[in-house]
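Below you'll find the structure, written out as structure tokens, and then a few comments.
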Amino acid sequence: MASDPVLSVEDLKTHFFTKAGVARAVDGVSFQVNRGEVLGLVGESGSGKTVTGFSILGLVDPPGQITGGSIRFMGQELVGLSEENWRNIRGRRIAMIFQDPMMTLNPVLRIDTQMMEAVQAHESVTKAQAFERSRDALGLVGIPSPEERLRAYPHQFSGGMRQRVAIAIALLHRPELIIADEPTTALDVTIQAQILFEVQKLCAENGTALVWVTHDLAVVAGLAHQICVMYAGRIVEQGLTDEVLDQPYHPYTAGLIGSIPSHNQRGSRLNQIPGMTPSLLNLPSGCAFEGRCPKATGDCKAQGPLMREVAPSRNLRCFNPLMHSEASHD
Amino acid sequence: MRMPWLVYLIRRFGQASFVIFAMAVLVFLGVFAIGNPIDILIAPDAPPAEMEAAIARLGLDKPLWEQFLIFLGKALQGDLGNSFVYAEPAVSVILARMPATLEIAALALLMAIFFGIPLGVLAGLKPETAVGKSIMAGSIMGFSLPNFWQGLMLILLFSVLLGWLPAGGRGPTEVILGMRISFLSWEGFSHMLMPAFNLALFKMSLVIRLARAGTREVILQDYIKFARAKGLSTQRIVMVHVLKNIMIPVVTILGLELGSMIAFAVVTETVFSWPGMGKLLIDSINRLDRPVIVAYLMLTVFLFVLINLLVDILYSVIDPRVRLSESKA
Amino acid sequence: MSSISHKTILQNWRQSPWWRFFNEFGESRLAVLGLLIFLVLMVSALFAPWITPQNPYDLAQLDIMENMSPPLSESYSIGSYWLGSDDQGRDMLSAIIYGLRMSLGVAATATFLALAIGTAIGILAAYFGGRVDSIIMRLVDLQLSFPAILVALILLAVLGKGVDKVVIALVTVQWAYYARTVRGSALVERRREYIEAAQCLALSHPRIVFMHLLPNCLPPLIVVATIQVANSIALEATLSFLGVGVPITEPSLGLLIANGYGYMLSGKYWIAFYPGIALLIAIIAINLVGDQLRDILNPRLRR
């Protein structure tokens with residue numbers, strides 16, 4: 001049905017069973033994405049956002065595995081899917097864009113080989129047809145003279161071009177969902193803006209749902225419809241982008257917003273959140289942010305707060321949310 | 001752009017020539033200066049008149065440096081004396097047996113590649129399984145156990161117990177392009193199988209280890225994960241993405257080891273009574289046929305250096321980084 | 001008072017690197033098994049004259065009528081031929097133990113000599129550097145680029161037969177490994193401060209090299225030496241099998257195998273088979289020990 005969410009993640013848990021202990025990389029994450037919607041998954045490195053993305057595609061490798069929760073895609077349960085079914089879905093109905101395209105394109109194979117194999121993996125077309133599809137896809141993402149470009153090797157492209165190729169590959173089969181894992185982090189700012197714009201346009205045109213994983217709030221501010229802020233494997237705040245950014249309730253969210261350079265006065269010290277993220281092997285029993293939180297109380301140390309709906313479409317995991325006056329910024 | 005490469009080529013040629021020259025000097029000194037050249041080059045049972053004639057012909061009464069020049073000159077013409085046993089030029093005795101050795105060496109190389117690479121990739125993809133571990137254990141056995149013992153076990157298993165393959169000797173041969181070869185008939189080929197496999201075992205172990213290490217490294221790369229994210233089948237990922245990345249180091253090492261394979265043929269040919277160059281060497285040592293030993297040494301060194309040179313050049317053609325760094329050095 | 005000092009001695013022992021070394025070695029049960037097997041072999045080889053049922057090289061003890069007996073057959077003189085007898089009536093078990101003695105003896109001697117010579121050359125190359133180093137390393141590279149078996153064969157062809165000639169050939173083939181290994185570690189150690197300090201104290205060169213530099217280069221050498229013992233055994237066996245190794249009067253395992261090789265096709269497998277097994281066990285046991293040593297002495301894996 002049209003109103004069903006494209007992706008519905010509920011209480012997802014992905015743990016890594018290493019010799020040093022169990023790292024609870026994703027520990028109870030829930031969110032939903034609808035058709036044509038963009039969800040920004042924001043967090044520092046080590047927050048579990050990348051592992052969440054991989055979990056959705058079933059690409060978590062040992063010693064990690066999904067230990068609980070459910071991932072429903074178009075109504076179908078993905079957790080526990082057979083490898084055969086997974087291969088059907090990957091690249092065709094759910095696509096992924098990785099962070100560093102130099103690493104994600106095989107350096108010894110040509111671009112056309114890598115694009116055509118993506119086409120032929122899911123459709124029985126001739127090589128000529130696959131070549132045409134690839135060429136058209138490159139044209140779609142704004143790469144000039146695509147026919148020549150196809151015969152090149154990855155190292156002959158610039159960073160921005162390579163990422164466009166990655167986006168083109170993601171769009172080849174018109175997937176219903178794209179997971180983009182920090183796709184613009186490795187690029188410079190001007191290219192970043194271009195890519196953002198193009199992705200947005202393409203998703204809007206095709207009705208593709210998009211999960212954009214990033215550590216940079218500024219990137220998703222103009223792009224996403226809803227934001228999920230992740231910390232130490234859990235979502236701590238969730239809601240519509242404008243509402244969360246205007247009025248963050250969780251101290252961590254406020255800290256993230258405050259540390260964006262443009263928010264600070266020229267010459268004054270950058271606001272930093274003191275302390276470091278806890279190791280995922282040794283998470284405290286109470287709130288994971290307690291050690292760095294300016295509003296921590298005794299309750300916070302004793303037990304971890306649960307996710308609560310504090311307003312329509314607004315969820316929060318905190319005992320001491322910020323009041324309106326505290327959170328306002330310049 | 002051509003110049004640095006040409007310089008590299010010339011340098012390599014120079015190095016190769018130097019090594020061959022050095023070997024020639026060593027052999028010459030060994031035979032003419034340290035050893036008694038009369039014993040080494042003239043049949044011990046020749047009558048005195050023949051000996052006198054031989055001494056004069058070989059120039060053994062001349063000063064040492066003149067002898068060296070004569071030796072060098074003759075060597076360049078391919079004349080390294082006559083075999084005591086066969087009364088023919090030593091060089092032709094050896095060359096007559098070269099096709100036999102090359103036959104099994106070539107088959108062994110093919111076996112090392114076509115068995116070694118798949119086994120190594122398999123062990124790299126599933127390192128913790130019983131299959132992976134037994135492949136690795138097998139490869140360790142392959143190169144730490146003495147070659148001749150492996151050969152004996154092969155004979156015990158396939159000839160004595162199972163009776164599938166002949167225990168030794170060469171099968172029926174035909175002459176093609178002036179060379180005697182035996183792989184064209186099934187019977188001839190069946191005689192080749194065990195010796196070639198024995199010869200291949202050592203290299204195969206090496207290839208398995210290389211392929212396994214390469215595969216384990218490649219599998220962790222992002223581009224493999226991306227290939228999976230595209231929905232590619234495991235077969236495609238392994239055959240195209242993984243294989244292409246591990247081929248270069250494997251093939252390089254194999255090429256360089258080709259020379260030593262010819263050396264190891266000595267053992268294999270003895271175990272299987274295969275009439276190649278290697279067996280000739282052993283027989284000659286036992287029969288004190290010294291001109292053949294000397295000729296074998298020079299030929300092997302020459303072959304060795306030639307192969308190394310060719311592989312180096314080939315590799316520099318494939319990988320331009322090699323030429324450029326060499327020319328700067 | 002005395003109980004306190006006993007405790008401290010034990011405590012000190014437990015802190016020492018030796019304890020840690022043995023402990024880490026013991027972590028691999030395979031390696032410990034290998035070590036035990038090797039010790040058993042070594043002891044049997046050493047005490048061969050006393051523990052074997054028969055001295056196979058004393059012709060008076062042989063009974064030619066009992067030749068070619070299969071394993072576990074009865075014998076008039078020695079009770080039973082556990083592993084059969086060969087074409088001369090020699091008891092295989094005794095022959096194997098004596099053969100082990102020769103194989104191990106030659107391998108150990110060759111390894112020891114190659115270790116001494118190679119280490120000396122390598123460390124000198126590293127210590128003095130410059131042209132000395134280049135020349136020596138060129139030699140090492142040249143030596144290592146030729147297949148060992150070929151070099152050994154040619155040497156033995158020139159030198160003739162005899163146990164001492166075999167040892168010389170083995171040493172010639174192997175010294176380069178030690179030289180290269182020790183040079184590598186010595187080059188690293190040479191730049192460390194304790195060498196600088198020793199030089200500042202104006203200690204003599206030999207003293208610095210042998211008392212300061214060398215001990216710190218030992219770990220990789222120990223690994224190489226262990227594995228080379230196994231390689232020496234294999235190489236000597238191969239050379240003897242080919243007929244250019246040890247003389248027939250004091251055979252090693254390789255020669256025993258050569259002796260029995262011809263009889264294998266007519267079904268009398270035990271003459272070649274059991275010496276082969278003994279060879280195998282020796283080589284594998286030593287390799288197991290060497291592998292574990294390599295794992296615990298590898299600086300990159302140091303915990």
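How things are named: the first chain in the structure tokens is A, the next is B, and so on; residues count from 1 in each chain; ligands count from 1 in the order shown.
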
Just the residues within 12 Å of Ala137 of chain B, please, counting only C-alpha atoms, with nothing from its chain fewer than 6 positions along; format it as a PyMOL selection string.
-> (chain B and resi 120+123+127+130-131+143-145+205+208-209) or (chain C and resi 284+288)

Using only C-alpha atoms, which protein or nucleic acid residues come within 7 Å of segment 36-40 of chain C? Drop anything in the same chain fewer than 2 positions from it, and give the result as a short mmCIF file (atom, residue, chain, number, x, y, z; two decimals) with N, CA and C atoms, in the first residue's frame.
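The file below, result.cif, is the result:
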```cif
data_model
loop_
_atom_site.label_atom_id
_atom_site.label_comp_id
_atom_site.auth_asym_id
_atom_site.auth_seq_id
_atom_site.Cartn_x
_atom_site.Cartn_y
_atom_site.Cartn_z
N VAL C 32 54.74 -28.63 21.36
CA VAL C 32 55.28 -29.40 22.47
C VAL C 32 55.42 -30.86 22.07
N LEU C 33 54.42 -31.34 21.36
CA LEU C 33 54.49 -32.72 20.85
C LEU C 33 55.71 -32.89 19.96
N GLY C 34 55.90 -31.90 19.08
CA GLY C 34 57.05 -31.95 18.17
C GLY C 34 58.35 -32.01 18.95
N MET C 42 66.34 -37.86 19.33
CA MET C 42 67.71 -37.52 19.61
C MET C 42 68.34 -38.49 20.61
N VAL C 43 67.57 -38.79 21.64
CA VAL C 43 68.09 -39.71 22.65
C VAL C 43 68.34 -41.08 22.04
N SER C 44 67.41 -41.55 21.24
CA SER C 44 67.62 -42.86 20.61
C SER C 44 68.85 -42.83 19.73
N ALA C 282 60.97 -37.03 11.80
CA ALA C 282 62.01 -36.10 12.26
C ALA C 282 61.78 -34.72 11.68
N ALA C 285 58.54 -33.02 13.09
CA ALA C 285 58.68 -32.62 14.49
C ALA C 285 59.48 -31.32 14.59
N ILE C 286 60.60 -31.27 13.88
CA ILE C 286 61.43 -30.07 13.96
C ILE C 286 60.72 -28.87 13.37
#
```

Please report as a VMD selection string which residues of chain B come no farther than 6 Å from chain C, using only C-alpha atoms.
-> chain B and resid 146 260 285

Prev. selection, N, CA and C atoms, output as a PDB file, in the first residue's frame:
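File written: again_28.pdb
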```pdb
ATOM      1  N   PRO B 146      61.052 -34.068   1.880  1.00  0.00           N
ATOM      2  CA  PRO B 146      62.003 -34.192   0.773  1.00  0.00           C
ATOM      3  C   PRO B 146      61.297 -34.668  -0.490  1.00  0.00           C
ATOM      4  N   SER B 260      64.645 -22.925 -11.019  1.00  0.00           N
ATOM      5  CA  SER B 260      64.948 -23.901  -9.975  1.00  0.00           C
ATOM      6  C   SER B 260      64.193 -25.195 -10.216  1.00  0.00           C
ATOM      7  N   ILE B 285      77.958 -37.910 -12.725  1.00  0.00           N
ATOM      8  CA  ILE B 285      78.730 -37.778 -11.490  1.00  0.00           C
ATOM      9  C   ILE B 285      79.184 -39.155 -11.034  1.00  0.00           C
TER      10      ILE B 285
END
```

Find the residues of chain B in contact range of chain A, meaning any atom within 6 Å when counting only C-alpha atoms, and list them as a PyMOL selection string.
-> chain B and resi 222-223+226+229-232

Run DSSP on the backbone of this structure and report the residues of segment 29-264 of chain B it assigns to strand (DSSP E), as a ChimeraX atom specification.
-> /B:174-176,179-181
